[in-house]
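model27.tsv (TSV, C-alpha atoms and all ligand atoms)
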chain	number	residue	atom	x	y	z
A	1170	MET	CA	96.19	-27.58	-7.14
A	1171	MET	CA	95.92	-30.06	-4.33
A	1172	HIS	CA	97.78	-33.24	-4.97
A	1173	PRO	CA	95.29	-36.10	-5.27
A	1174	THR	CA	97.06	-38.34	-2.81
A	1175	SER	CA	97.66	-38.40	0.90
A	1176	GLU	CA	98.56	-40.78	3.63
A	1177	ASP	CA	94.97	-41.97	3.44
A	1178	SER	CA	95.86	-43.64	0.17
A	1179	ILE	CA	97.61	-46.31	2.21
A	1180	GLN	CA	94.25	-47.40	3.46
A	1181	SER	CA	92.38	-47.01	0.23
A	1182	GLY	CA	95.16	-48.75	-1.69
A	1183	ARG	CA	94.69	-46.06	-4.34
A	1184	GLY	CA	97.63	-45.90	-6.71
A	1185	VAL	CA	99.08	-42.66	-7.99
A	1186	THR	CA	100.14	-41.79	-11.47
A	1187	ALA	CA	103.34	-39.83	-11.82
A	1188	ALA	CA	103.63	-36.15	-12.54
A	1189	PRO	CA	100.12	-34.80	-12.07
A	1190	GLY	CA	101.48	-31.39	-12.88
A	1191	GLY	CA	103.70	-28.56	-11.76
A	1192	ALA	CA	107.28	-28.57	-10.61
A	1193	ALA	CA	108.04	-29.70	-7.07
A	1194	VAL	CA	111.77	-29.00	-7.41
A	1195	GLU	CA	113.37	-26.60	-9.82
A	1196	PHE	CA	116.95	-25.55	-10.56
A	1197	ARG	CA	117.20	-22.41	-12.69
A	1198	ASN	CA	120.67	-21.50	-13.97
A	1199	VAL	CA	122.24	-22.68	-10.74
A	1200	SER	CA	125.94	-22.35	-10.00
A	1201	TYR	CA	127.55	-23.46	-6.77
A	1202	ARG	CA	131.06	-23.12	-5.41
A	1203	TYR	CA	132.23	-24.51	-2.05
A	1204	PRO	CA	133.83	-22.05	0.38
A	1205	SER	CA	137.14	-23.72	-0.57
A	1206	GLY	CA	136.60	-22.18	-4.00
A	1207	LEU	CA	135.86	-25.46	-5.78
A	1208	GLN	CA	133.18	-24.83	-8.37
A	1209	VAL	CA	130.91	-27.87	-8.45
A	1210	ILE	CA	127.82	-26.75	-10.39
A	1211	ALA	CA	127.66	-24.41	-13.39
A	1212	ASP	CA	124.49	-22.97	-14.87
A	1213	LEU	CA	122.43	-26.08	-14.19
A	1214	ASN	CA	118.76	-26.31	-15.15
A	1215	LEU	CA	116.69	-29.21	-13.94
A	1216	SER	CA	113.11	-29.76	-12.96
A	1217	VAL	CA	111.24	-32.47	-11.05
A	1218	CYS	CA	107.48	-32.61	-11.50
A	1219	ARG	CA	105.24	-33.22	-8.52
A	1220	GLY	CA	104.74	-36.91	-7.92
A	1221	GLU	CA	107.58	-37.81	-10.25
A	1222	SER	CA	110.65	-39.92	-9.41
A	1223	VAL	CA	113.81	-38.57	-10.98
A	1224	GLY	CA	117.22	-40.25	-11.12
A	1225	ILE	CA	120.47	-38.29	-11.06
A	1226	VAL	CA	123.51	-40.09	-12.47
A	1227	GLY	CA	126.96	-38.78	-13.31
A	1228	PRO	CA	130.70	-39.33	-12.97
A	1229	SER	CA	132.06	-39.75	-9.46
A	1230	GLY	CA	132.63	-36.41	-7.75
A	1231	CYS	CA	130.65	-34.40	-10.31
A	1232	GLY	CA	128.37	-32.88	-7.68
A	1233	LYS	CA	125.34	-35.16	-7.28
A	1234	SER	CA	125.28	-35.06	-3.47
A	1235	THR	CA	125.91	-31.32	-3.57
A	1236	LEU	CA	122.81	-31.00	-5.71
A	1237	LEU	CA	120.78	-32.80	-3.01
A	1238	SER	CA	122.28	-30.49	-0.37
A	1239	LEU	CA	121.06	-27.51	-2.38
A	1240	ILE	CA	117.55	-28.97	-2.54
A	1241	ALA	CA	117.64	-29.69	1.19
A	1242	GLY	CA	118.77	-26.13	1.91
A	1243	LEU	CA	122.03	-27.36	3.46
A	1244	ALA	CA	123.94	-25.26	0.93
A	1245	GLU	CA	123.00	-22.10	-0.92
A	1246	ALA	CA	123.69	-21.41	-4.59
A	1247	GLN	CA	125.73	-18.30	-5.41
A	1248	ALA	CA	123.87	-17.86	-8.70
A	1249	GLY	CA	120.47	-18.95	-9.96
A	1250	ASP	CA	117.55	-20.35	-7.99
A	1251	VAL	CA	116.85	-23.67	-6.33
A	1252	GLU	CA	113.20	-23.92	-5.47
A	1253	VAL	CA	111.25	-26.56	-3.60
A	1254	VAL	CA	107.63	-25.71	-4.28
A	1255	PRO	CA	105.30	-26.81	-1.48
A	1256	ASP	CA	101.90	-28.18	-2.39
A	1257	GLN	CA	98.80	-27.20	-0.44
A	1258	SER	CA	98.62	-30.34	1.64
A	1259	GLY	CA	100.58	-28.86	4.56
A	1260	ARG	CA	102.58	-32.08	4.64
A	1261	HIS	CA	106.15	-32.25	5.91
A	1262	LEU	CA	108.20	-30.75	3.04
A	1263	LEU	CA	111.38	-32.79	2.78
A	1264	SER	CA	112.95	-35.98	3.97
A	1265	MET	CA	116.34	-37.46	3.11
A	1266	MET	CA	117.77	-40.97	3.13
A	1267	PHE	CA	121.51	-41.59	2.99
A	1268	GLN	CA	123.71	-44.54	2.14
A	1269	LYS	CA	124.65	-44.97	5.81
A	1270	ASP	CA	122.46	-46.78	8.28
A	1271	THR	CA	120.29	-44.20	9.96
A	1272	VAL	CA	118.06	-46.54	11.92
A	1273	LEU	CA	118.30	-46.00	15.67
A	1274	PRO	CA	119.76	-49.21	17.15
A	1275	TRP	CA	118.16	-48.84	20.58
A	1276	LEU	CA	114.63	-48.72	19.18
A	1277	THR	CA	112.57	-51.57	17.73
A	1278	VAL	CA	111.32	-51.49	14.14
A	1279	GLU	CA	107.95	-50.25	15.33
A	1280	GLN	CA	109.48	-47.58	17.60
A	1281	ASN	CA	111.77	-46.34	14.81
A	1282	ILE	CA	108.78	-45.82	12.54
A	1283	ARG	CA	106.63	-44.31	15.29
A	1284	LEU	CA	109.36	-41.76	16.03
A	1285	HIS	CA	109.37	-40.49	12.43
A	1286	TYR	CA	105.61	-40.72	12.15
A	1287	SER	CA	105.41	-38.30	15.09
A	1288	PHE	CA	107.33	-35.70	13.01
A	1289	LYS	CA	104.34	-35.26	10.75
A	1290	LYS	CA	103.50	-31.61	10.37
A	1291	GLY	CA	100.33	-30.27	11.87
A	1292	ARG	CA	99.53	-33.35	13.95
A	1293	ALA	CA	98.58	-33.19	17.58
A	1294	ARG	CA	101.41	-34.48	19.74
A	1295	GLY	CA	100.99	-36.43	22.94
A	1296	GLY	CA	97.70	-36.75	24.74
A	1297	GLN	CA	96.15	-38.66	21.82
A	1298	GLY	CA	92.79	-40.14	22.52
A	1299	ARG	CA	92.35	-43.89	22.30
A	1300	ALA	CA	90.78	-43.73	18.84
A	1301	ALA	CA	93.55	-41.52	17.46
A	1302	ARG	CA	96.17	-43.80	18.97
A	1303	ARG	CA	94.50	-46.83	17.39
A	1304	ALA	CA	94.50	-45.06	14.03
A	1305	THR	CA	98.21	-44.24	14.41
A	1306	ASP	CA	98.98	-47.85	15.34
A	1307	GLU	CA	97.06	-49.00	12.27
A	1308	LYS	CA	98.97	-46.62	9.96
A	1309	ILE	CA	102.29	-47.78	11.37
A	1310	ARG	CA	101.28	-51.43	10.94
A	1311	GLU	CA	100.30	-50.71	7.33
A	1312	LEU	CA	103.60	-48.98	6.63
A	1313	ILE	CA	105.52	-51.92	8.08
A	1314	SER	CA	103.56	-54.42	6.03
A	1315	MET	CA	104.18	-52.39	2.85
A	1316	VAL	CA	107.88	-53.27	3.09
A	1317	HIS	CA	107.17	-56.86	4.09
A	1318	LEU	CA	108.40	-56.52	7.66
A	1319	GLY	CA	105.21	-57.78	9.26
A	1320	GLY	CA	106.15	-60.00	12.23
A	1321	PHE	CA	109.35	-58.01	12.90
A	1322	GLU	CA	107.70	-55.03	14.60
A	1323	GLN	CA	109.37	-55.75	17.94
A	1324	ALA	CA	112.78	-56.72	16.50
A	1325	TYR	CA	115.82	-54.50	17.10
A	1326	PRO	CA	117.96	-53.46	14.11
A	1327	TYR	CA	120.80	-55.83	15.12
A	1328	GLN	CA	118.35	-58.73	14.71
A	1329	LEU	CA	117.66	-57.80	11.05
A	1330	SER	CA	119.54	-58.45	7.82
A	1331	GLY	CA	121.13	-55.53	5.94
A	1332	GLY	CA	118.24	-55.50	3.47
A	1333	MET	CA	115.66	-55.47	6.26
A	1334	ARG	CA	117.44	-52.59	7.99
A	1335	ARG	CA	117.35	-50.65	4.73
A	1336	ARG	CA	113.62	-51.26	4.57
A	1337	VAL	CA	113.26	-49.81	8.05
A	1338	ALA	CA	115.35	-46.82	6.94
A	1339	VAL	CA	113.04	-46.35	3.95
A	1340	LEU	CA	110.02	-46.36	6.24
A	1341	ALA	CA	111.69	-43.96	8.65
A	1342	SER	CA	112.23	-41.52	5.77
A	1343	VAL	CA	108.65	-41.74	4.47
A	1344	ALA	CA	106.81	-42.08	7.81
A	1345	ALA	CA	106.52	-38.31	8.13
A	1346	PHE	CA	104.74	-38.36	4.73
A	1347	PRO	CA	107.10	-35.85	3.12
A	1348	GLN	CA	106.22	-34.07	-0.10
A	1349	VAL	CA	109.74	-34.61	-1.41
A	1350	LEU	CA	112.11	-37.48	-0.64
A	1351	LEU	CA	115.84	-37.19	-1.39
A	1352	LEU	CA	117.72	-40.48	-1.73
A	1353	ASP	CA	121.52	-40.43	-1.80
A	1354	GLU	CA	122.79	-43.83	-3.00
A	1355	PRO	CA	120.50	-45.49	-0.48
A	1356	PHE	CA	120.84	-49.12	-1.58
A	1357	SER	CA	124.44	-49.36	-2.80
A	1358	ALA	CA	125.51	-51.65	0.05
A	1359	ILE	CA	122.78	-54.23	-0.64
A	1360	ASP	CA	123.15	-57.35	-2.81
A	1361	GLU	CA	121.45	-57.06	-6.18
A	1362	PRO	CA	118.49	-59.46	-5.77
A	1363	THR	CA	117.56	-57.84	-2.44
A	1364	ARG	CA	118.06	-54.42	-3.98
A	1365	VAL	CA	115.54	-55.17	-6.72
A	1366	THR	CA	112.89	-56.23	-4.19
A	1367	ILE	CA	113.52	-53.05	-2.19
A	1368	HIS	CA	113.20	-51.01	-5.40
A	1369	GLN	CA	109.76	-52.52	-5.87
A	1370	ASP	CA	108.70	-51.67	-2.32
A	1371	VAL	CA	110.02	-48.11	-2.47
A	1372	PHE	CA	108.43	-47.51	-5.86
A	1373	THR	CA	105.08	-48.70	-4.53
A	1374	ILE	CA	105.34	-46.62	-1.36
A	1375	VAL	CA	106.29	-43.33	-3.01
A	1376	ARG	CA	103.47	-43.79	-5.52
A	1377	GLU	CA	100.94	-44.69	-2.84
A	1378	LEU	CA	101.93	-41.72	-0.71
A	1379	GLY	CA	102.34	-39.31	-3.61
A	1380	ILE	CA	105.95	-38.48	-2.76
A	1381	THR	CA	108.16	-36.67	-5.26
A	1382	THR	CA	111.51	-38.45	-5.29
A	1383	VAL	CA	115.03	-37.44	-6.29
A	1384	LEU	CA	117.39	-40.42	-6.40
A	1385	VAL	CA	121.16	-40.02	-6.69
A	1386	THR	CA	122.72	-43.29	-7.76
A	1387	HIS	CA	125.63	-44.93	-9.55
A	1388	ASP	CA	123.41	-47.87	-10.45
A	1389	LEU	CA	121.90	-47.28	-13.90
A	1390	ALA	CA	119.56	-50.26	-13.57
A	1391	GLU	CA	118.27	-48.78	-10.31
A	1392	ALA	CA	117.63	-45.42	-11.98
A	1393	ALA	CA	115.98	-47.06	-14.99
A	1394	SER	CA	113.69	-49.21	-12.88
A	1395	MET	CA	112.68	-46.78	-10.13
A	1396	CYS	CA	112.38	-43.49	-11.96
A	1397	ASP	CA	110.18	-41.67	-14.45
A	1398	LYS	CA	113.06	-39.67	-15.77
A	1399	VAL	CA	116.86	-39.90	-15.55
A	1400	TYR	CA	119.27	-36.99	-15.84
A	1401	ILE	CA	122.86	-37.73	-16.82
A	1402	LEU	CA	125.19	-35.06	-15.47
A	1403	GLY	CA	128.52	-33.98	-16.89
A	1404	PRO	CA	131.80	-33.67	-15.00
A	1405	ARG	CA	132.47	-30.89	-12.52
A	1406	PRO	CA	131.46	-28.12	-12.68
A	1407	THR	CA	128.42	-30.20	-13.46
A	1408	PHE	CA	125.55	-29.53	-15.84
A	1409	VAL	CA	122.74	-31.62	-17.34
A	1410	PHE	CA	124.20	-33.56	-20.25
A	1411	SER	CA	121.07	-35.50	-21.18
A	1412	GLU	CA	117.57	-36.29	-20.01
A	1413	HIS	CA	115.89	-39.68	-20.55
A	1414	GLU	CA	112.20	-40.47	-20.16
A	1415	VAL	CA	111.53	-43.86	-18.55
A	1416	PRO	CA	108.52	-45.38	-20.30
A	1417	PHE	CA	107.61	-48.22	-17.93
A	1418	GLY	CA	104.52	-46.78	-16.21
A	1419	THR	CA	103.32	-47.27	-12.66
A	1420	GLY	CA	102.52	-50.99	-12.71
A	1421	ARG	CA	106.07	-52.08	-13.51
A	1422	ASP	CA	107.41	-55.31	-12.08
A	1423	MET	CA	111.07	-54.72	-11.21
A	1424	MET	CA	112.13	-58.35	-11.45
A	1425	SER	CA	110.82	-59.06	-14.94
A	1426	LEU	CA	111.38	-55.52	-16.24
A	1427	ARG	CA	115.12	-56.14	-16.41
A	1428	GLU	CA	114.65	-58.92	-18.95
A	1429	THR	CA	112.73	-56.77	-21.43
A	1430	PRO	CA	114.28	-55.31	-24.62
A	1431	ALA	CA	112.91	-51.86	-23.69
A	1432	PHE	CA	114.77	-51.91	-20.40
A	1433	LEU	CA	117.99	-53.13	-21.99
A	1434	ASP	CA	117.66	-50.45	-24.66
A	1435	LEU	CA	117.19	-47.69	-22.06
A	1436	TYR	CA	120.07	-49.09	-20.01
A	1437	SER	CA	122.42	-49.01	-22.98
A	1438	ARG	CA	121.43	-45.42	-23.84
A	1439	LEU	CA	122.05	-44.35	-20.26
A	1440	TRP	CA	125.36	-46.19	-20.25
A	1441	ARG	CA	126.45	-44.61	-23.52
A	1442	ASP	CA	125.89	-41.10	-22.13
A	1443	LEU	CA	127.42	-41.88	-18.76
A	1444	HIS	CA	130.43	-43.44	-20.46
A	1445	LEU	CA	130.90	-40.25	-22.50
A	1446	GLN	CA	130.77	-38.14	-19.35
A	1447	ILE	CA	133.14	-40.43	-17.45
A	1448	ASN	CA	135.62	-40.06	-20.32
A	1449	ALA	CA	135.09	-36.29	-20.26
A	1450	SER	CA	135.70	-36.25	-16.50
A	1451	HIS	CA	139.12	-37.81	-17.06
A	1452	THR	CA	140.14	-34.78	-19.09
A	1453	VAL	CA	139.14	-32.40	-16.25
A	1454	GLU	CA	141.99	-31.55	-13.93
A	1455	PRO	CA	141.48	-32.92	-10.42
A	1456	ALA	CA	140.39	-30.43	-7.78
A	1457	SER	CA	143.65	-30.88	-5.91
A	1458	ILE	CA	145.46	-29.11	-8.76
A	1459	HIS	CA	143.39	-26.03	-7.93
A	1460	PRO	CA	144.25	-25.26	-4.31
A	1461	GLU	CA	142.65	-21.89	-4.85
A	1462	GLY	CA	139.79	-23.89	-6.27
A	1463	THR	CA	138.77	-22.30	-9.53
A	1464	GLY	CA	137.94	-25.85	-10.63
A	1465	ARG	CA	137.38	-24.61	-14.17
A	1466	ARG	CA	138.06	-26.64	-17.24
B	1	LIG	N1	132.20	-29.54	2.03
B	1	LIG	C1	132.96	-29.55	0.94
B	1	LIG	N2	133.95	-28.66	0.76
B	1	LIG	C2	134.71	-28.64	-0.35
B	1	LIG	N3	134.56	-29.52	-1.36
B	1	LIG	C3	133.59	-30.45	-1.23
B	1	LIG	C4	132.76	-30.53	-0.09
B	1	LIG	N4	131.90	-31.56	-0.24
B	1	LIG	C5	132.19	-32.10	-1.44
B	1	LIG	N5	133.19	-31.45	-2.02
B	1	LIG	C6	133.77	-31.72	-3.32
B	1	LIG	O1	132.80	-31.36	-4.29
B	1	LIG	C7	132.82	-32.27	-5.38
B	1	LIG	C8	131.44	-32.86	-5.56
B	1	LIG	O2	131.13	-33.65	-4.43
B	1	LIG	P1	129.79	-34.50	-4.37
B	1	LIG	O3	129.85	-35.32	-3.13
B	1	LIG	O4	128.64	-33.60	-4.56
B	1	LIG	O5	129.96	-35.41	-5.67
B	1	LIG	P2	129.17	-36.74	-6.08
B	1	LIG	O6	128.89	-36.63	-7.53
B	1	LIG	O7	128.02	-36.97	-5.17
B	1	LIG	O8	130.32	-37.81	-5.81
B	1	LIG	P3	130.22	-39.43	-5.73
B	1	LIG	O9	129.56	-39.89	-6.98
B	1	LIG	O10	131.66	-39.86	-5.68
B	1	LIG	O11	129.47	-39.76	-4.48
B	1	LIG	C9	133.88	-33.31	-5.05
B	1	LIG	O12	135.09	-32.95	-5.70
B	1	LIG	C10	134.06	-33.19	-3.55
B	1	LIG	O13	135.39	-33.50	-3.17
Can you turn what I pasted into structure tokens?
Amino acid sequence: MMHPTSEDSIQSGRGVTAAPGGAAVEFRNVSYRYPSGLQVIADLNLSVCRGESVGIVGPSGCGKSTLLSLIAGLAEAQAGDVEVVPDQSGRHLLSMMFQKDTVLPWLTVEQNIRLHYSFKKGRARGGQGRAARRATDEKIRELISMVHLGGFEQAYPYQLSGGMRRRVAVLASVAAFPQVLLLDEPFSAIDEPTRVTIHQDVFTIVRELGITTVLVTHDLAEAASMCDKVYILGPRPTFVFSEHEVPFGTGRDMMSLRETPAFLDLYSRLWRDLHLQINASHTVEPASIHPEGTGRR
């Protein structure tokens, strides 16, 4: 089934409801061991519905980034299947945003976005007619205004605050209109008030563009506010310990959400499970004790 959204939704302003059906990412009984022998993932099952935003939380070193590498195809599971299921839109399949600054310092805000916009699959490159170029310019302007960077199009990254640079990095990762966006602790270096405003912008953008999102984070409030579902992982070799539905819908306001009893209740349930898994991780022997890397408990 064709996903009901596309880049055109930027112009129409049409919102998108989460999870219109079908898995976009699926882990089936996945186990992964690094070449060093360290077993990081054991028999993990996890599914991300199309259009859904899913948070992945777990003790430090349990294998969250490894899980993203498996989705991105940067690593291959020794057992089980990791599947990224393309939709029929022909859109760019995957994009990834890391904690580190990935904005190119020698390009302006507008040029950074234009560069990634040009990666869009199936688009004519170069030799655009005037009308097509105008349409591209308009799309880029719209993207920039969606993260409240209007007026900074010609600024270079060094002229922006940390929060503004993160906004440019967000745009760079969505400008190719990927079907799936992987976020690896993307906002951890940002102060909390700025972080919450960026959460709002990212949430709006991924909904508008119909992007399935997998967010790895240590910030439970971030997971609870930005996601539709949160998975708590256990210590290495990691597995899904618990799964939490996030009941806040698509019109959520990140700033006021945090004051609500429902949010505080979800936060404390997430914390309880994470706390349990952090305690469990302390009983697992550190990897360094296993130079041959069995990593088994
Ligand atoms: N290329 C590699 N070779 C061998 N071991 C690795 C490699 N990359 C990561 N590891 C180990 O695999 C384990 C999981 O790493 P990963 O980065 O996936 O965990 P994480 O949950 O994302 O950690 P954190 O929360 O601290 O960012 C860690 O013990 C790490 O040291």
For Pro1404 of chain A, the closest of A:Leu1263, A:Leu1443, A:Leu1433, A:Cys1231 counting all atoms listed in the file is A:Cys1231
Would you mind reading off the distance between atom CA of Ala1341 of chain A and atom CA of His1285 of chain A, one decimal, in Å? 5.6 Å
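You will find atom CA of Met1424 of chain A at 23.5 Å from atom CA of Leu1350 of chain A.
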Residues within 10 Å of segment 1273-1275 of chain A, only C-alpha atoms, excluding chain neighbours under 4 positions, as a list in words: Gln1280, Asn1281, Leu1284, Tyr1325, Pro1326, Tyr1327, Gln1328, Val1337, Ala1338 and Ala1341 of chain A
Residues of chain A within 8 Å of ligand LIG 1 (chain B): nearest atom pair and distance (Å, one decimal) for each, counting only C-alpha atoms and all ligand atoms, sorted by chain and number, as a Markdown table?
| residue | atom | partner | partner_atom | distance |
| --- | --- | --- | --- | --- |
| A:Tyr1203 | CA | B:LIG1 | C2 | 5.1 |
| A:Pro1204 | CA | B:LIG1 | N2 | 6.6 |
| A:Ser1205 | CA | B:LIG1 | C2 | 5.5 |
| A:Gly1206 | CA | B:LIG1 | C2 | 7.7 |
| A:Leu1207 | CA | B:LIG1 | N3 | 6.1 |
| A:Gln1208 | CA | B:LIG1 | O1 | 7.7 |
| A:Val1209 | CA | B:LIG1 | C7 | 5.7 |
| A:Gly1227 | CA | B:LIG1 | O6 | 6.5 |
| A:Pro1228 | CA | B:LIG1 | O9 | 6.1 |
| A:Ser1229 | CA | B:LIG1 | O9 | 3.5 |
| A:Gly1230 | CA | B:LIG1 | O8 | 3.3 |
| A:Cys1231 | CA | B:LIG1 | O6 | 4.0 |
| A:Gly1232 | CA | B:LIG1 | O4 | 3.2 |
| A:Lys1233 | CA | B:LIG1 | O6 | 3.9 |
| A:Ser1234 | CA | B:LIG1 | O7 | 3.7 |
| A:Thr1235 | CA | B:LIG1 | O4 | 3.7 |
| A:Leu1236 | CA | B:LIG1 | O4 | 6.5 |
| A:Glu1354 | CA | B:LIG1 | O11 | 8.0 |
| A:Val1385 | CA | B:LIG1 | O7 | 7.7 |
| A:Thr1386 | CA | B:LIG1 | O9 | 7.7 |
| A:His1387 | CA | B:LIG1 | O9 | 6.9 |
| A:Arg1405 | CA | B:LIG1 | C7 | 7.3 |
| A:Pro1455 | CA | B:LIG1 | O12 | 7.9 |
| A:Ala1456 | CA | B:LIG1 | O12 | 6.2 |
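Minimum atom-to-atom distances from A:Ser1287, A:Ser1342, A:Ser1450, A:Thr1429 to Val1272 of chain A were compared using all atoms listed in the file, and the lowest value belongs to A:Ser1342.
Between atom CA of Glu1279 of chain A and atom CA of Glu1322 of chain A lies a distance of 4.8 Å.
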Exercise: segment 1393-1399 of chain A partners within 10 Å, all atoms listed in the file, chain neighbours under 6 positions left out, as an mmCIF file with C-alpha atoms, in the coordinates of the input:
data_model
loop_
_atom_site.group_PDB
_atom_site.id
_atom_site.type_symbol
_atom_site.label_atom_id
_atom_site.label_comp_id
_atom_site.auth_asym_id
_atom_site.auth_seq_id
_atom_site.Cartn_x
_atom_site.Cartn_y
_atom_site.Cartn_z
ATOM 1 C CA ALA A 1187 103.340 -39.830 -11.820
ATOM 2 C CA ALA A 1188 103.630 -36.150 -12.540
ATOM 3 C CA VAL A 1217 111.240 -32.470 -11.050
ATOM 4 C CA CYS A 1218 107.480 -32.610 -11.500
ATOM 5 C CA GLY A 1220 104.740 -36.910 -7.920
ATOM 6 C CA GLU A 1221 107.580 -37.810 -10.250
ATOM 7 C CA SER A 1222 110.650 -39.920 -9.410
ATOM 8 C CA VAL A 1223 113.810 -38.570 -10.980
ATOM 9 C CA GLY A 1224 117.220 -40.250 -11.120
ATOM 10 C CA ILE A 1225 120.470 -38.290 -11.060
ATOM 11 C CA VAL A 1226 123.510 -40.090 -12.470
ATOM 12 C CA VAL A 1365 115.540 -55.170 -6.720
ATOM 13 C CA HIS A 1368 113.200 -51.010 -5.400
ATOM 14 C CA GLN A 1369 109.760 -52.520 -5.870
ATOM 15 C CA VAL A 1371 110.020 -48.110 -2.470
ATOM 16 C CA PHE A 1372 108.430 -47.510 -5.860
ATOM 17 C CA THR A 1373 105.080 -48.700 -4.530
ATOM 18 C CA THR A 1382 111.510 -38.450 -5.290
ATOM 19 C CA VAL A 1383 115.030 -37.440 -6.290
ATOM 20 C CA LEU A 1384 117.390 -40.420 -6.400
ATOM 21 C CA VAL A 1385 121.160 -40.020 -6.690
ATOM 22 C CA SER A 1411 121.070 -35.500 -21.180
ATOM 23 C CA GLU A 1412 117.570 -36.290 -20.010
ATOM 24 C CA HIS A 1413 115.890 -39.680 -20.550
ATOM 25 C CA GLU A 1414 112.200 -40.470 -20.160
ATOM 26 C CA VAL A 1415 111.530 -43.860 -18.550
ATOM 27 C CA PRO A 1416 108.520 -45.380 -20.300
ATOM 28 C CA PHE A 1417 107.610 -48.220 -17.930
ATOM 29 C CA GLY A 1418 104.520 -46.780 -16.210
ATOM 30 C CA THR A 1419 103.320 -47.270 -12.660
ATOM 31 C CA ARG A 1421 106.070 -52.080 -13.510
ATOM 32 C CA ASP A 1422 107.410 -55.310 -12.080
ATOM 33 C CA MET A 1423 111.070 -54.720 -11.210
ATOM 34 C CA MET A 1424 112.130 -58.350 -11.450
ATOM 35 C CA LEU A 1426 111.380 -55.520 -16.240
ATOM 36 C CA ARG A 1427 115.120 -56.140 -16.410
ATOM 37 C CA PHE A 1432 114.770 -51.910 -20.400
ATOM 38 C CA LEU A 1433 117.990 -53.130 -21.990
ATOM 39 C CA LEU A 1435 117.190 -47.690 -22.060
ATOM 40 C CA TYR A 1436 120.070 -49.090 -20.010
ATOM 41 C CA LEU A 1439 122.050 -44.350 -20.260
#
What lies within 6 Å of segment 1247-1251 of chain A using all atoms listed in the file, ignoring chain neighbours under 6 positions off, as a ChimeraX atom specification? /A:1195-1201
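Minimum atom-to-atom distance to Lys1269 of chain A, evaluated using all atoms listed in the file, belongs to A:Pro1355 out of A:Gly1420, A:Gly1298, A:Gly1403, A:Pro1355.
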Give me, as number ranges by chain, all polymer residues having an atom no more than 8 Å from segment 1300-1314 of chain A, counting all atoms listed in the file and skipping those fewer than 2 positions away in the same chain. A: 1179-1180, 1279, 1282-1283, 1286, 1297-1298, 1316-1319, 1322, 1340, 1344
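You can rank A:Gln1257, A:Thr1277, A:Ala1431, A:His1444 by their closest distance to Gly1320 of chain A using all atoms listed in the file, and at the top of that list sits A:Thr1277.
Closest approach to Asp1388 of chain A among A:Glu1361, A:Ile1210, A:Thr1366, A:Phe1410: A:Glu1361, based on only C-alpha atoms.
Minimum atom-to-atom distance to Ala1345 of chain A, evaluated using only C-alpha atoms, belongs to A:Gly1259 out of A:Pro1430, A:Gly1259, A:Gly1331, A:Pro1406.
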Residue completion, segment 1231-1242 of chain A, N, CA and C atoms, as a PDB file, keeping the file's coordinate frame:
ATOM      1  N   CYS A1231     131.112 -35.498  -9.442  1.00  0.00           N
ATOM      2  CA  CYS A1231     130.650 -34.400 -10.310  1.00  0.00           C
ATOM      3  C   CYS A1231     129.763 -33.407  -9.562  1.00  0.00           C
ATOM      4  N   GLY A1232     129.180 -33.839  -8.437  1.00  0.00           N
ATOM      5  CA  GLY A1232     128.370 -32.880  -7.680  1.00  0.00           C
ATOM      6  C   GLY A1232     126.951 -33.347  -7.390  1.00  0.00           C
ATOM      7  N   LYS A1233     126.710 -34.644  -7.470  1.00  0.00           N
ATOM      8  CA  LYS A1233     125.340 -35.160  -7.280  1.00  0.00           C
ATOM      9  C   LYS A1233     124.851 -34.919  -5.834  1.00  0.00           C
ATOM     10  N   SER A1234     125.711 -35.253  -4.865  1.00  0.00           N
ATOM     11  CA  SER A1234     125.280 -35.060  -3.470  1.00  0.00           C
ATOM     12  C   SER A1234     125.149 -33.578  -3.155  1.00  0.00           C
ATOM     13  N   THR A1235     126.004 -32.777  -3.773  1.00  0.00           N
ATOM     14  CA  THR A1235     125.910 -31.320  -3.570  1.00  0.00           C
ATOM     15  C   THR A1235     124.557 -30.822  -4.054  1.00  0.00           C
ATOM     16  N   LEU A1236     124.123 -31.382  -5.162  1.00  0.00           N
ATOM     17  CA  LEU A1236     122.810 -31.000  -5.710  1.00  0.00           C
ATOM     18  C   LEU A1236     121.694 -31.317  -4.695  1.00  0.00           C
ATOM     19  N   LEU A1237     121.787 -32.479  -4.038  1.00  0.00           N
ATOM     20  CA  LEU A1237     120.780 -32.800  -3.010  1.00  0.00           C
ATOM     21  C   LEU A1237     120.879 -31.831  -1.839  1.00  0.00           C
ATOM     22  N   SER A1238     122.114 -31.454  -1.472  1.00  0.00           N
ATOM     23  CA  SER A1238     122.280 -30.490  -0.370  1.00  0.00           C
ATOM     24  C   SER A1238     121.622 -29.162  -0.704  1.00  0.00           C
ATOM     25  N   LEU A1239     121.699 -28.769  -1.964  1.00  0.00           N
ATOM     26  CA  LEU A1239     121.060 -27.510  -2.380  1.00  0.00           C
ATOM     27  C   LEU A1239     119.542 -27.630  -2.262  1.00  0.00           C
ATOM     28  N   ILE A1240     119.004 -28.780  -2.658  1.00  0.00           N
ATOM     29  CA  ILE A1240     117.550 -28.970  -2.540  1.00  0.00           C
ATOM     30  C   ILE A1240     117.138 -28.938  -1.065  1.00  0.00           C
ATOM     31  N   ALA A1241     117.974 -29.595  -0.235  1.00  0.00           N
ATOM     32  CA  ALA A1241     117.640 -29.690   1.190  1.00  0.00           C
ATOM     33  C   ALA A1241     117.876 -28.379   1.929  1.00  0.00           C
ATOM     34  N   GLY A1242     118.503 -27.415   1.254  1.00  0.00           N
ATOM     35  CA  GLY A1242     118.770 -26.130   1.910  1.00  0.00           C
ATOM     36  C   GLY A1242     119.990 -26.193   2.814  1.00  0.00           C
TER      37      GLY A1242
END
